[in-house]
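Enquirer: Input structure: upload10.cif, which contains mmCIF, C-alpha atoms.
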```
data_query
loop_
_atom_site.label_atom_id
_atom_site.label_comp_id
_atom_site.auth_asym_id
_atom_site.auth_seq_id
_atom_site.Cartn_x
_atom_site.Cartn_y
_atom_site.Cartn_z
CA MET A 1 -62.27 -52.65 85.83
CA ILE A 2 -64.92 -53.28 83.20
CA ASN A 3 -65.52 -56.73 81.76
CA HIS A 4 -68.46 -55.94 79.52
CA ILE A 5 -68.19 -53.31 76.81
CA SER A 6 -71.55 -52.33 75.34
CA LYS A 7 -72.24 -51.59 71.69
CA PRO A 8 -73.22 -47.97 72.48
CA PHE A 9 -69.74 -47.41 73.93
CA ARG A 10 -67.98 -48.82 70.85
CA TRP A 11 -70.06 -46.56 68.62
CA PHE A 12 -69.46 -43.59 70.92
CA PHE A 13 -65.68 -44.08 71.03
CA LYS A 14 -65.46 -44.41 67.24
CA LEU A 15 -67.43 -41.19 66.82
CA GLU A 16 -65.56 -39.16 69.45
CA SER A 17 -62.08 -40.25 68.38
CA SER A 18 -62.58 -39.23 64.76
CA SER A 19 -64.28 -35.95 65.63
CA GLY A 20 -61.30 -35.04 67.79
CA LEU A 21 -59.18 -34.82 64.66
CA VAL A 22 -61.77 -32.55 63.04
CA LEU A 23 -61.65 -30.32 66.13
CA LEU A 24 -57.87 -30.05 65.84
CA PHE A 25 -58.15 -29.05 62.18
CA ALA A 26 -60.79 -26.39 62.98
CA ALA A 27 -58.62 -24.91 65.76
CA ILE A 28 -55.54 -24.75 63.51
CA ILE A 29 -57.52 -23.02 60.75
CA ALA A 30 -58.86 -20.50 63.30
CA LEU A 31 -55.33 -19.73 64.53
CA ILE A 32 -54.04 -19.30 60.97
CA ILE A 33 -56.91 -17.01 59.90
CA SER A 34 -56.80 -14.91 63.08
CA ASN A 35 -53.13 -14.20 62.40
CA SER A 36 -53.45 -13.46 58.69
CA ASP A 37 -54.84 -10.67 56.52
CA LEU A 38 -58.27 -12.23 57.08
CA SER A 39 -58.20 -11.61 60.83
CA GLU A 40 -60.36 -8.48 60.66
CA LEU A 41 -62.98 -10.33 58.61
CA TYR A 42 -62.83 -13.28 61.05
CA PHE A 43 -63.46 -11.21 64.20
CA SER A 44 -65.98 -8.82 62.58
CA THR A 45 -68.03 -11.78 61.30
CA LEU A 46 -68.17 -13.32 64.77
CA ASN A 47 -69.41 -9.98 66.18
CA LYS A 48 -72.03 -9.46 63.46
CA TYR A 49 -75.64 -9.70 64.66
CA LEU A 50 -78.14 -12.04 63.02
CA PHE A 51 -81.91 -11.96 63.50
CA LEU A 52 -84.02 -15.13 63.27
CA GLY A 53 -87.79 -14.70 63.41
CA VAL A 54 -90.73 -12.77 61.98
CA ASN A 55 -91.31 -9.02 62.56
CA ASN A 56 -90.81 -8.35 66.28
CA PHE A 57 -91.03 -12.00 67.25
CA GLY A 58 -87.61 -13.61 67.08
CA LEU A 59 -84.08 -13.65 68.40
CA LYS A 60 -81.18 -11.35 67.57
CA LEU A 61 -77.71 -12.50 68.62
CA SER A 62 -74.14 -12.10 67.40
CA VAL A 63 -72.73 -14.98 65.35
CA LEU A 64 -70.50 -15.89 68.31
CA HIS A 65 -73.52 -16.02 70.66
CA TRP A 66 -75.54 -18.09 68.18
CA ILE A 67 -72.72 -20.61 68.41
CA ASN A 68 -71.98 -20.36 72.15
CA ASP A 69 -75.57 -20.04 73.42
CA VAL A 70 -77.75 -21.84 70.86
CA LEU A 71 -75.58 -24.49 69.25
CA MET A 72 -73.83 -25.27 72.54
CA ALA A 73 -77.23 -25.84 74.14
CA ILE A 74 -77.64 -28.65 71.61
CA PHE A 75 -74.18 -29.93 72.57
CA PHE A 76 -75.09 -29.99 76.27
CA PHE A 77 -78.40 -31.65 75.37
CA PHE A 78 -76.40 -34.39 73.62
CA VAL A 79 -73.88 -34.73 76.47
CA THR A 80 -76.67 -35.06 79.04
CA LEU A 81 -78.35 -37.75 76.94
CA GLU A 82 -75.05 -39.68 77.08
CA ILE A 83 -74.71 -39.16 80.82
CA LYS A 84 -78.30 -40.30 81.44
CA ARG A 85 -77.88 -43.44 79.33
CA GLU A 86 -74.58 -44.32 80.99
CA PHE A 87 -76.06 -44.00 84.50
CA ILE A 88 -79.20 -46.00 83.62
CA GLN A 89 -77.66 -48.93 81.80
CA GLY A 90 -74.16 -48.10 80.65
CA GLU A 91 -70.68 -48.21 82.13
CA LEU A 92 -71.67 -45.97 85.04
CA SER A 93 -74.75 -47.96 86.07
CA ASN A 94 -72.64 -50.32 88.19
CA THR A 95 -71.34 -48.55 91.29
CA LYS A 96 -68.11 -50.56 91.44
CA GLN A 97 -67.36 -49.88 87.79
CA ALA A 98 -68.17 -46.19 88.14
CA LEU A 99 -66.13 -45.52 91.31
CA LEU A 100 -62.68 -45.17 89.71
CA PRO A 101 -63.64 -42.64 87.00
CA ILE A 102 -65.83 -40.76 89.49
CA ILE A 103 -63.01 -40.47 92.04
CA ALA A 104 -60.48 -39.64 89.30
CA ALA A 105 -62.78 -36.96 87.86
CA VAL A 106 -63.14 -35.33 91.29
CA GLY A 107 -59.35 -35.17 91.64
CA GLY A 108 -59.04 -33.95 88.07
CA MET A 109 -61.41 -31.05 88.76
CA LEU A 110 -60.27 -30.16 92.28
CA VAL A 111 -56.45 -30.01 91.92
CA PRO A 112 -56.40 -27.82 88.75
CA ALA A 113 -58.86 -25.41 90.37
CA LEU A 114 -56.66 -25.19 93.49
CA ILE A 115 -53.55 -24.51 91.38
CA TYR A 116 -55.35 -21.73 89.49
CA VAL A 117 -56.64 -20.22 92.76
CA PHE A 118 -53.13 -20.37 94.29
CA ILE A 119 -51.64 -18.45 91.35
CA ASN A 120 -54.49 -15.90 91.16
CA PHE A 121 -55.12 -15.54 94.88
CA GLY A 122 -55.91 -11.96 95.88
CA ASP A 123 -57.12 -10.85 92.45
CA SER A 124 -60.93 -10.93 92.47
CA GLU A 125 -61.18 -10.40 88.70
CA THR A 126 -58.87 -13.19 87.52
CA LEU A 127 -59.95 -15.51 90.35
CA ASN A 128 -63.29 -15.96 88.57
CA GLY A 129 -61.55 -18.25 86.07
CA TRP A 130 -60.89 -20.96 88.68
CA ALA A 131 -63.02 -23.58 86.85
CA ILE A 132 -61.37 -23.15 83.43
CA PRO A 133 -58.62 -25.81 83.87
CA SER A 134 -61.05 -28.28 85.46
CA ALA A 135 -62.60 -29.40 82.17
CA THR A 136 -61.58 -32.24 79.83
CA ASP A 137 -62.32 -32.23 76.09
CA ILE A 138 -63.67 -35.75 75.53
CA ALA A 139 -63.46 -35.69 71.72
CA PHE A 140 -59.90 -34.39 71.59
CA SER A 141 -58.56 -36.70 74.32
CA LEU A 142 -60.18 -39.78 72.78
CA GLY A 143 -58.91 -38.67 69.38
CA VAL A 144 -55.34 -38.81 70.69
CA LEU A 145 -55.96 -42.25 72.20
CA SER A 146 -57.29 -43.49 68.85
CA LEU A 147 -53.94 -42.60 67.23
CA LEU A 148 -52.22 -44.99 69.64
CA GLY A 149 -54.33 -47.94 68.48
CA LYS A 150 -53.84 -51.21 70.35
CA ARG A 151 -51.13 -49.76 72.58
CA VAL A 152 -53.98 -48.56 74.80
CA PRO A 153 -56.14 -51.33 76.36
CA LEU A 154 -59.87 -50.89 75.77
CA SER A 155 -60.44 -50.67 79.53
CA LEU A 156 -58.40 -47.42 79.64
CA LYS A 157 -60.46 -45.99 76.78
CA VAL A 158 -63.60 -46.80 78.75
CA PHE A 159 -62.02 -45.21 81.84
CA LEU A 160 -61.17 -41.99 79.97
CA THR A 161 -64.63 -41.85 78.38
CA ALA A 162 -66.37 -42.31 81.73
CA LEU A 163 -64.09 -39.77 83.43
CA ALA A 164 -64.72 -37.18 80.70
CA ILE A 165 -68.49 -37.73 80.88
CA ILE A 166 -68.43 -37.18 84.66
CA ASP A 167 -66.17 -34.17 84.03
CA ASP A 168 -68.82 -32.75 81.70
CA LEU A 169 -71.44 -33.30 84.39
CA GLY A 170 -69.24 -31.37 86.82
CA ALA A 171 -68.86 -28.56 84.27
CA ILE A 172 -72.64 -28.38 83.87
CA VAL A 173 -73.10 -28.04 87.65
CA ILE A 174 -70.35 -25.40 87.86
CA ILE A 175 -71.89 -23.35 85.04
CA ALA A 176 -75.34 -23.50 86.66
CA LEU A 177 -74.09 -22.55 90.13
CA PHE A 178 -71.22 -20.13 89.53
CA TYR A 179 -71.52 -18.62 86.06
CA SER A 180 -75.07 -17.34 85.96
CA GLY A 181 -76.01 -13.65 85.89
CA ASP A 182 -78.65 -11.65 87.74
CA LEU A 183 -81.65 -13.92 88.13
CA SER A 184 -85.18 -13.05 86.99
CA ILE A 185 -87.91 -14.57 89.17
CA LYS A 186 -90.42 -14.24 86.33
CA TYR A 187 -88.38 -16.24 83.83
CA LEU A 188 -87.16 -18.70 86.46
CA SER A 189 -90.84 -19.45 87.20
CA LEU A 190 -91.55 -19.92 83.50
CA MET A 191 -88.48 -22.21 83.29
CA LEU A 192 -89.84 -24.30 86.15
CA LEU A 193 -93.27 -24.47 84.50
CA ALA A 194 -91.78 -25.61 81.19
CA PHE A 195 -89.68 -28.24 82.97
CA ILE A 196 -92.75 -29.55 84.83
CA ILE A 197 -94.62 -29.85 81.53
CA LEU A 198 -91.71 -31.85 80.12
CA LEU A 199 -91.79 -34.15 83.17
CA ILE A 200 -95.51 -34.69 82.64
CA ILE A 201 -94.92 -35.58 78.99
CA ASN A 202 -92.24 -38.02 80.16
CA LYS A 203 -94.61 -39.46 82.80
CA PHE A 204 -97.08 -40.38 80.06
CA ASN A 205 -94.16 -42.09 78.27
CA ILE A 206 -94.72 -40.13 75.06
CA LYS A 207 -92.14 -41.37 72.55
CA LYS A 208 -92.50 -38.68 69.90
CA PHE A 209 -89.83 -36.00 70.05
CA LEU A 210 -91.95 -33.11 68.70
CA PRO A 211 -93.76 -32.32 72.01
CA TYR A 212 -90.42 -32.27 73.86
CA LEU A 213 -88.88 -30.07 71.16
CA ILE A 214 -91.69 -27.48 71.21
CA VAL A 215 -91.60 -27.12 74.99
CA GLY A 216 -87.80 -27.25 74.88
CA ILE A 217 -87.63 -24.19 72.59
CA PHE A 218 -89.71 -22.20 75.08
CA LEU A 219 -87.52 -23.58 77.89
CA TRP A 220 -84.40 -22.28 76.10
CA ASP A 221 -85.92 -18.82 75.69
CA PHE A 222 -86.99 -18.66 79.35
CA THR A 223 -83.52 -19.83 80.46
CA HIS A 224 -81.82 -17.32 78.17
CA ASN A 225 -83.79 -14.49 79.81
CA SER A 226 -83.59 -15.85 83.38
CA GLY A 227 -79.92 -15.06 84.06
CA ILE A 228 -78.91 -18.74 83.98
CA HIS A 229 -76.75 -19.64 80.99
CA ALA A 230 -78.93 -20.79 78.09
CA THR A 231 -77.04 -24.07 77.64
CA ILE A 232 -78.62 -25.35 80.88
CA ALA A 233 -81.91 -25.58 78.93
CA GLY A 234 -80.33 -28.36 76.88
CA VAL A 235 -79.44 -30.20 80.10
CA LEU A 236 -82.96 -29.90 81.53
CA LEU A 237 -84.57 -31.02 78.28
CA ALA A 238 -82.31 -34.09 78.01
CA MET A 239 -83.16 -35.12 81.58
CA THR A 240 -86.81 -35.55 80.56
CA ILE A 241 -86.23 -37.64 77.42
CA PRO A 242 -87.50 -41.16 78.26
CA HIS A 243 -85.11 -44.10 78.48
CA ARG A 244 -85.77 -47.16 80.60
CA LYS A 245 -83.88 -50.39 81.11
CA ASN A 246 -86.76 -52.41 79.74
CA ASP A 247 -86.88 -50.41 76.49
CA LYS A 248 -85.89 -53.33 74.27
CA ASP A 249 -87.40 -52.34 70.95
CA PHE A 250 -87.35 -48.55 71.07
CA SER A 251 -85.73 -45.84 73.15
CA LEU A 252 -86.38 -42.22 72.23
CA LEU A 253 -83.17 -41.21 74.01
CA ILE A 254 -80.98 -43.55 71.96
CA LYS A 255 -82.80 -42.63 68.74
CA ILE A 256 -82.18 -38.91 69.31
CA GLU A 257 -78.59 -39.53 70.47
CA HIS A 258 -77.77 -41.41 67.28
CA ALA A 259 -79.62 -38.91 65.09
CA ILE A 260 -77.86 -35.76 66.31
CA SER A 261 -74.43 -37.18 67.17
CA PRO A 262 -72.87 -36.63 63.71
CA TYR A 263 -74.07 -33.00 63.67
CA VAL A 264 -72.70 -32.39 67.17
CA ALA A 265 -69.37 -34.09 66.42
CA TYR A 266 -68.73 -32.77 62.92
CA VAL A 267 -70.62 -29.46 62.79
CA ILE A 268 -71.34 -27.93 66.22
CA MET A 269 -68.05 -28.72 67.97
CA PRO A 270 -65.78 -27.80 65.02
CA LEU A 271 -67.78 -24.55 64.61
CA PHE A 272 -67.29 -23.82 68.29
CA ALA A 273 -63.56 -24.55 68.04
CA PHE A 274 -63.24 -22.37 64.92
CA ALA A 275 -65.12 -19.47 66.55
CA ASN A 276 -63.33 -19.61 69.90
CA ALA A 277 -59.76 -20.76 69.20
CA GLY A 278 -58.82 -17.73 67.12
CA VAL A 279 -56.36 -15.50 68.96
CA SER A 280 -53.84 -12.97 67.67
CA LEU A 281 -50.29 -14.11 68.39
CA GLU A 282 -48.82 -10.72 67.51
CA GLY A 283 -46.48 -9.56 70.25
CA LEU A 284 -46.82 -12.91 72.03
CA SER A 285 -43.72 -13.97 73.96
CA PHE A 286 -42.80 -16.47 76.63
CA SER A 287 -43.43 -13.78 79.23
CA SER A 288 -47.08 -13.65 78.09
CA LEU A 289 -47.53 -17.15 79.53
CA LEU A 290 -46.34 -15.89 82.91
CA ASN A 291 -49.38 -13.65 83.34
CA LYS A 292 -51.67 -14.97 86.07
CA VAL A 293 -54.58 -16.11 83.90
CA PRO A 294 -52.68 -18.10 81.21
CA LEU A 295 -50.18 -19.45 83.77
CA GLY A 296 -52.94 -20.64 86.10
CA ILE A 297 -54.76 -22.35 83.23
CA LEU A 298 -51.60 -23.86 81.72
CA LEU A 299 -50.39 -25.32 85.04
CA GLY A 300 -53.91 -26.35 86.01
CA LEU A 301 -54.40 -28.33 82.80
CA PHE A 302 -50.93 -29.75 82.33
CA VAL A 303 -49.87 -30.29 85.96
CA GLY A 304 -53.07 -30.22 88.01
CA LYS A 305 -55.08 -32.58 85.84
CA GLN A 306 -52.54 -35.39 85.72
CA LEU A 307 -51.71 -35.11 89.43
CA GLY A 308 -55.35 -34.92 90.51
CA VAL A 309 -56.44 -37.88 88.38
CA PHE A 310 -53.44 -40.05 89.29
CA ILE A 311 -53.22 -39.32 93.03
CA PHE A 312 -56.95 -39.76 93.67
CA SER A 313 -56.99 -42.94 91.54
CA TYR A 314 -53.85 -44.38 93.15
CA ILE A 315 -55.20 -43.89 96.67
CA SER A 316 -58.62 -45.37 95.81
CA ILE A 317 -57.02 -48.42 94.15
CA LYS A 318 -54.54 -49.00 97.01
CA LEU A 319 -57.38 -48.73 99.54
CA LYS A 320 -59.34 -51.24 97.39
CA ILE A 321 -62.18 -48.76 96.97
CA ALA A 322 -61.81 -49.08 93.20
CA GLN A 323 -60.10 -51.42 90.75
CA MET A 324 -57.27 -50.87 88.29
CA PRO A 325 -58.47 -51.03 84.64
CA ASN A 326 -57.87 -54.46 83.09
CA ASN A 327 -54.64 -55.07 81.12
CA SER A 328 -53.21 -51.68 82.13
CA ASN A 329 -50.18 -50.63 84.17
CA TRP A 330 -49.32 -47.53 86.16
CA PHE A 331 -47.32 -46.02 83.29
CA ASN A 332 -50.01 -46.07 80.61
CA PHE A 333 -52.58 -45.21 83.27
CA TYR A 334 -50.55 -42.09 84.11
CA GLY A 335 -50.27 -41.31 80.41
CA VAL A 336 -54.06 -41.31 80.13
CA GLY A 337 -54.15 -39.04 83.19
CA ILE A 338 -51.93 -36.56 81.33
CA LEU A 339 -54.36 -36.62 78.38
CA THR A 340 -57.16 -35.44 80.67
CA GLY A 341 -55.33 -32.10 80.64
CA ILE A 342 -56.62 -31.54 77.10
CA GLY A 343 -59.23 -28.96 78.06
CA PHE A 344 -59.71 -27.26 74.70
CA THR A 345 -63.40 -26.71 73.81
CA MET A 346 -64.83 -27.16 77.31
CA SER A 347 -62.15 -24.97 78.91
CA LEU A 348 -62.64 -22.28 76.26
CA PHE A 349 -66.37 -22.40 76.87
CA VAL A 350 -66.00 -21.99 80.64
CA GLY A 351 -63.44 -19.23 80.02
CA ASN A 352 -65.94 -17.26 77.92
CA LEU A 353 -68.44 -17.46 80.79
CA ALA A 354 -65.89 -16.65 83.50
CA PHE A 355 -64.72 -13.43 81.83
CA ILE A 356 -67.85 -12.34 80.01
CA GLU A 357 -67.56 -8.96 81.77
CA ASN A 358 -63.74 -8.81 81.61
CA MET A 359 -63.00 -9.50 77.96
CA GLN A 360 -59.40 -8.28 78.34
CA TYR A 361 -58.58 -11.71 79.82
CA ILE A 362 -60.03 -13.78 76.94
CA ASP A 363 -56.80 -13.84 74.91
CA GLY A 364 -54.98 -15.03 78.02
CA VAL A 365 -57.58 -17.76 78.46
CA LYS A 366 -57.08 -18.93 74.87
CA ILE A 367 -53.28 -18.90 75.17
CA GLY A 368 -53.38 -20.84 78.47
CA VAL A 369 -55.91 -23.39 77.20
CA LEU A 370 -54.16 -23.99 73.88
CA THR A 371 -50.70 -24.26 75.47
CA GLY A 372 -51.84 -26.50 78.36
CA SER A 373 -53.83 -28.72 76.01
CA LEU A 374 -50.94 -28.96 73.53
CA LEU A 375 -48.43 -29.95 76.24
CA SER A 376 -50.89 -32.53 77.63
CA THR A 377 -51.39 -33.94 74.13
CA LEU A 378 -47.70 -34.26 73.29
CA ILE A 379 -46.44 -35.55 76.66
CA GLY A 380 -49.40 -37.88 77.20
CA TYR A 381 -49.07 -39.34 73.71
CA LEU A 382 -45.28 -39.85 74.04
CA MET A 383 -45.56 -41.45 77.47
CA ILE A 384 -48.10 -44.02 76.31
CA LEU A 385 -46.12 -44.58 73.10
CA VAL A 386 -42.90 -45.52 74.93
CA THR A 387 -44.65 -47.51 77.65
CA PRO A 388 -44.48 -51.33 77.22
CA ASN A 389 -47.91 -52.93 76.80
CA LYS A 390 -47.26 -55.38 79.61
#
```
Step by step, read the file and then write its structure as structure tokens.
Expert:
Amino acid sequence: MINHISKPFRWFFKLESSSGLVLLFAAIIALIISNSDLSELYFSTLNKYLFLGVNNFGLKLSVLHWINDVLMAIFFFFVTLEIKREFIQGELSNTKQALLPIIAAVGGMLVPALIYVFINFGDSETLNGWAIPSATDIAFSLGVLSLLGKRVPLSLKVFLTALAIIDDLGAIVIIALFYSGDLSIKYLSLMLLAFIILLIINKFNIKKFLPYLIVGIFLWDFTHNSGIHATIAGVLLAMTIPHRKNDKDFSLLIKIEHAISPYVAYVIMPLFAFANAGVSLEGLSFSSLLNKVPLGILLGLFVGKQLGVFIFSYISIKLKIAQMPNNSNWFNFYGVGILTGIGFTMSLFVGNLAFIENMQYIDGVKIGVLTGSLLSTLIGYLMILVTPNK
């Protein structure tokens, strides 16, 4: 599928694969603490409000919202930088190369959503979680692939990376369209004004980050008050950071991407996992998984993801619309498809947005995401492990 592997991709894969292991550790610690004598301290700390500012000028949010609204805006800023670079001059810049992961990502978002809707059909409250099993955790899935070493051809790692990036783009669109609150015309107008100013700064090809950052802070505040989820501000800001194909000596986008990537991978994402993976397992039984929300998420991630990715990919390859990744076979390709069912951080994030007004479903979301992701991890890993390389 892809003959040329760029240096940015090699750096990206190395970063994401190692951070996936850190994510796993953070999630395990959260589960242990939330089911120990420290559970009350854990949950009360997340609900504690912190004020940042001077006098009446500042921002007061709970610790959980500082992580989910502020730090995750930085995460989405970083993800959008990656997406922009890939579409301008990376693995997604060539239409033929991009077709297979694009088609696979569509199947991997559509089929899980349909499975969730089928299970929750008729219940307007739980139906709102339809997008939860559509997401793939890029760091976690690449982390599992890294454990398999040379058993996985590099072309499949590129495929999974590209698919997960497109998946993230789909999640961004879903959040913007379906998980926003009551809209404020005043703050939407201020958002638009801030975005226009950023575009003007980009038009003048200003390569200092400070002007973008200052306007970006105001953009976040306007977005936060507009009814659209605050993380979208990170997306809009990243779209205006300059990066052009003829930037040979300096690219502000690549400079920022490299500068913040360790903090996103080893601080922001583990913090998010630690704050959102904690769930009390007291009284949990197998029957708990049969409730509509966790069952829909579990089957969406573990069954829907692999079927959607494989079926859409198989049809596109057989119709010669796309090409099979180099040095791969249908068995290890299917194994990678199973790994796309590792939703974890992205699924938890969407779940928090989907049930922000129905918090009684959050534990079910966590149980479904953790179980579906765990099954996808174990079965995907084992399938690739026992599959011959040739």
Enquirer: Could you build a table of the residues in segment 334-380 of chain A lying no more than 12 Å from segment 310-315 of chain A, giving for each the nearest pair of atoms and their separation in Å rounded to one decimal place, using all atoms listed in the file, ordered by chain and ascending residue number, as a tab-separated table?
Expert:
```
residue	atom	partner	partner_atom	distance
A:Tyr334	CA	A:Phe310	CA	6.3
A:Gly335	CA	A:Phe310	CA	9.5
A:Val336	CA	A:Phe310	CA	9.3
A:Gly337	CA	A:Phe310	CA	6.2
A:Ile338	CA	A:Phe310	CA	8.8
A:Leu339	CA	A:Phe310	CA	11.5
A:Thr340	CA	A:Phe310	CA	10.5
A:Gly341	CA	A:Phe310	CA	11.9
```
Enquirer: Looking at only C-alpha atoms, which of A:Val293, A:Val70, A:Ser155, A:Ala113 is the one that sits closest to Ser328 of chain A?
Expert: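 Among the listed residues, the smallest separation from Ser328 of chain A belongs to A:Ser155.
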Enquirer: Please measure the separation of atom CA of Lys292 of chain A and atom CA of Val309 of chain A, giving the value in Å to one decimal.
Expert: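 Between atom CA of Lys292 of chain A and atom CA of Val309 of chain A the gap is 23.5 Å.
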Enquirer: By how many Å are atom CA of Trp130 of chain A and atom CA of Asp168 of chain A apart?
Expert: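 Interatomic distance, atom CA of Trp130 of chain A to atom CA of Asp168 of chain A: 15.8 Å.
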Enquirer: Evaluate the PyMOL selection byres ((chain A and resi 75-87) around 7) against this structure - the residues, as an MDAnalysis selection string, please.
Expert: chainID A and resid 71:74 88:93 165 231 234:235 237:239 253 257 264
Enquirer: Suppose we keep C-alpha atoms; can you now write the selection as an mmCIF file, in the coordinates of the input?
Expert:
```
data_model
loop_
_atom_site.group_PDB
_atom_site.id
_atom_site.type_symbol
_atom_site.label_atom_id
_atom_site.label_comp_id
_atom_site.auth_asym_id
_atom_site.auth_seq_id
_atom_site.Cartn_x
_atom_site.Cartn_y
_atom_site.Cartn_z
ATOM 1 C CA LEU A 71 -75.580 -24.490 69.250
ATOM 2 C CA MET A 72 -73.830 -25.270 72.540
ATOM 3 C CA ALA A 73 -77.230 -25.840 74.140
ATOM 4 C CA ILE A 74 -77.640 -28.650 71.610
ATOM 5 C CA ILE A 88 -79.200 -46.000 83.620
ATOM 6 C CA GLN A 89 -77.660 -48.930 81.800
ATOM 7 C CA GLY A 90 -74.160 -48.100 80.650
ATOM 8 C CA GLU A 91 -70.680 -48.210 82.130
ATOM 9 C CA LEU A 92 -71.670 -45.970 85.040
ATOM 10 C CA SER A 93 -74.750 -47.960 86.070
ATOM 11 C CA ILE A 165 -68.490 -37.730 80.880
ATOM 12 C CA THR A 231 -77.040 -24.070 77.640
ATOM 13 C CA GLY A 234 -80.330 -28.360 76.880
ATOM 14 C CA VAL A 235 -79.440 -30.200 80.100
ATOM 15 C CA LEU A 237 -84.570 -31.020 78.280
ATOM 16 C CA ALA A 238 -82.310 -34.090 78.010
ATOM 17 C CA MET A 239 -83.160 -35.120 81.580
ATOM 18 C CA LEU A 253 -83.170 -41.210 74.010
ATOM 19 C CA GLU A 257 -78.590 -39.530 70.470
ATOM 20 C CA VAL A 264 -72.700 -32.390 67.170
#
```
Enquirer: Evaluate the PyMOL selection byres ((chain A and resi 329) around 12) on the structure here and hand back the selected residues as a PyMOL selection string.
Expert: chain A and resi 151-153+155-156+314+323-328+330-336+384+387-390
Enquirer: Residues within 10 Å of segment 364-366 of chain A, please, as an NGL selection string. Count only C-alpha atoms; anything in the same chain fewer than 3 positions from it doesn't count.
Expert: :A and (129 or 132-133 or 276-280 or 288-298 or 344 or 347-348 or 350-352 or 354-355 or 359-361 or 369-372)
Enquirer: Would you compute the distance between atom CA of Leu114 of chain A and atom CA of Leu378 of chain A? Give it in Å to one decimal.
Expert: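 One can read the atom CA of Leu114 of chain A to atom CA of Leu378 of chain A distance as 23.9 Å.
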Enquirer: Expanded to explicit residues, what is the PyMOL selection byres ((chain A and resi 99) around 10) for this file, as a VMD selection string?
Expert: chain A and resid 1 92 94 to 98 100 to 105 163 313 316 to 317 321 to 323
Enquirer: Using only C-alpha atoms for the distances, tell me which of A:Leu307, A:Leu281, A:Ala162, A:Leu299 is nearest to Ile367 of chain A.
Expert: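 So, comparing all the options, the nearest one is A:Leu281.
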Enquirer: Excluding same-chain residues fewer than 2 positions from segment 45-47 of chain A, what lies within 12 Å of it counting only C-alpha atoms, as a PyMOL selection string?
Expert: chain A and resi 30+34+38-43+49-50+60-68+271-272+274-276+278
Enquirer: Have a look at A:Ser180, A:Thr126, A:Ser376, A:Ser134 and name the one nearest to Gly300 of chain A; count only C-alpha atoms.
Expert: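 Closest residue, counting only C-alpha atoms: A:Ser134.
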Enquirer: Which polymer residues, whether protein, DNA or RNA, lie within 7 Å of the coordinate (-86.0, -24.8, 78.3) when you count all atoms listed in the file? List them as a ChimeraX atom specification, using the chain letters and numbers from the file.
Expert: /A:191,194-195,215-223,233-234,236-237
Enquirer: Which one is closest to Met346 of chain A: A:Leu127, A:Val54, A:Val111, A:Leu301? Count only C-alpha atoms.
Expert: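 Ranked by minimum distance to Met346 of chain A, first place goes to A:Leu301.
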Enquirer: Working from the structure I just supplied, which lacks atoms in segment 325-336 of chain A, can you model N, CA and C atoms there and output them as a tab-separated table (two decimals), in the frame of the given file?
Expert:
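Printed below is part38.tsv as written:
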```tsv
chain	number	residue	atom	x	y	z
A	325	PRO	N	-57.94	-50.56	85.93
A	325	PRO	CA	-58.47	-51.03	84.64
A	325	PRO	C	-57.73	-52.27	84.16
A	326	ASN	N	-58.46	-53.21	83.56
A	326	ASN	CA	-57.87	-54.46	83.09
A	326	ASN	C	-56.77	-54.22	82.06
A	327	ASN	N	-55.73	-55.06	82.11
A	327	ASN	CA	-54.64	-55.07	81.12
A	327	ASN	C	-53.87	-53.74	81.05
A	328	SER	N	-53.94	-52.96	82.12
A	328	SER	CA	-53.21	-51.68	82.13
A	328	SER	C	-52.13	-51.71	83.21
A	329	ASN	N	-51.21	-50.76	83.13
A	329	ASN	CA	-50.18	-50.63	84.17
A	329	ASN	C	-50.13	-49.17	84.59
A	330	TRP	N	-49.34	-48.88	85.61
A	330	TRP	CA	-49.32	-47.53	86.16
A	330	TRP	C	-48.76	-46.51	85.16
A	331	PHE	N	-47.92	-46.96	84.24
A	331	PHE	CA	-47.32	-46.02	83.29
A	331	PHE	C	-48.33	-45.56	82.24
A	332	ASN	N	-49.03	-46.52	81.61
A	332	ASN	CA	-50.01	-46.07	80.61
A	332	ASN	C	-51.23	-45.45	81.28
A	333	PHE	N	-51.50	-45.84	82.53
A	333	PHE	CA	-52.58	-45.21	83.27
A	333	PHE	C	-52.24	-43.73	83.51
A	334	TYR	N	-50.98	-43.48	83.89
A	334	TYR	CA	-50.55	-42.09	84.11
A	334	TYR	C	-50.59	-41.30	82.81
A	335	GLY	N	-50.21	-41.96	81.71
A	335	GLY	CA	-50.27	-41.31	80.41
A	335	GLY	C	-51.68	-40.85	80.06
A	336	VAL	N	-52.66	-41.69	80.36
A	336	VAL	CA	-54.06	-41.31	80.13
A	336	VAL	C	-54.44	-40.15	81.04
```
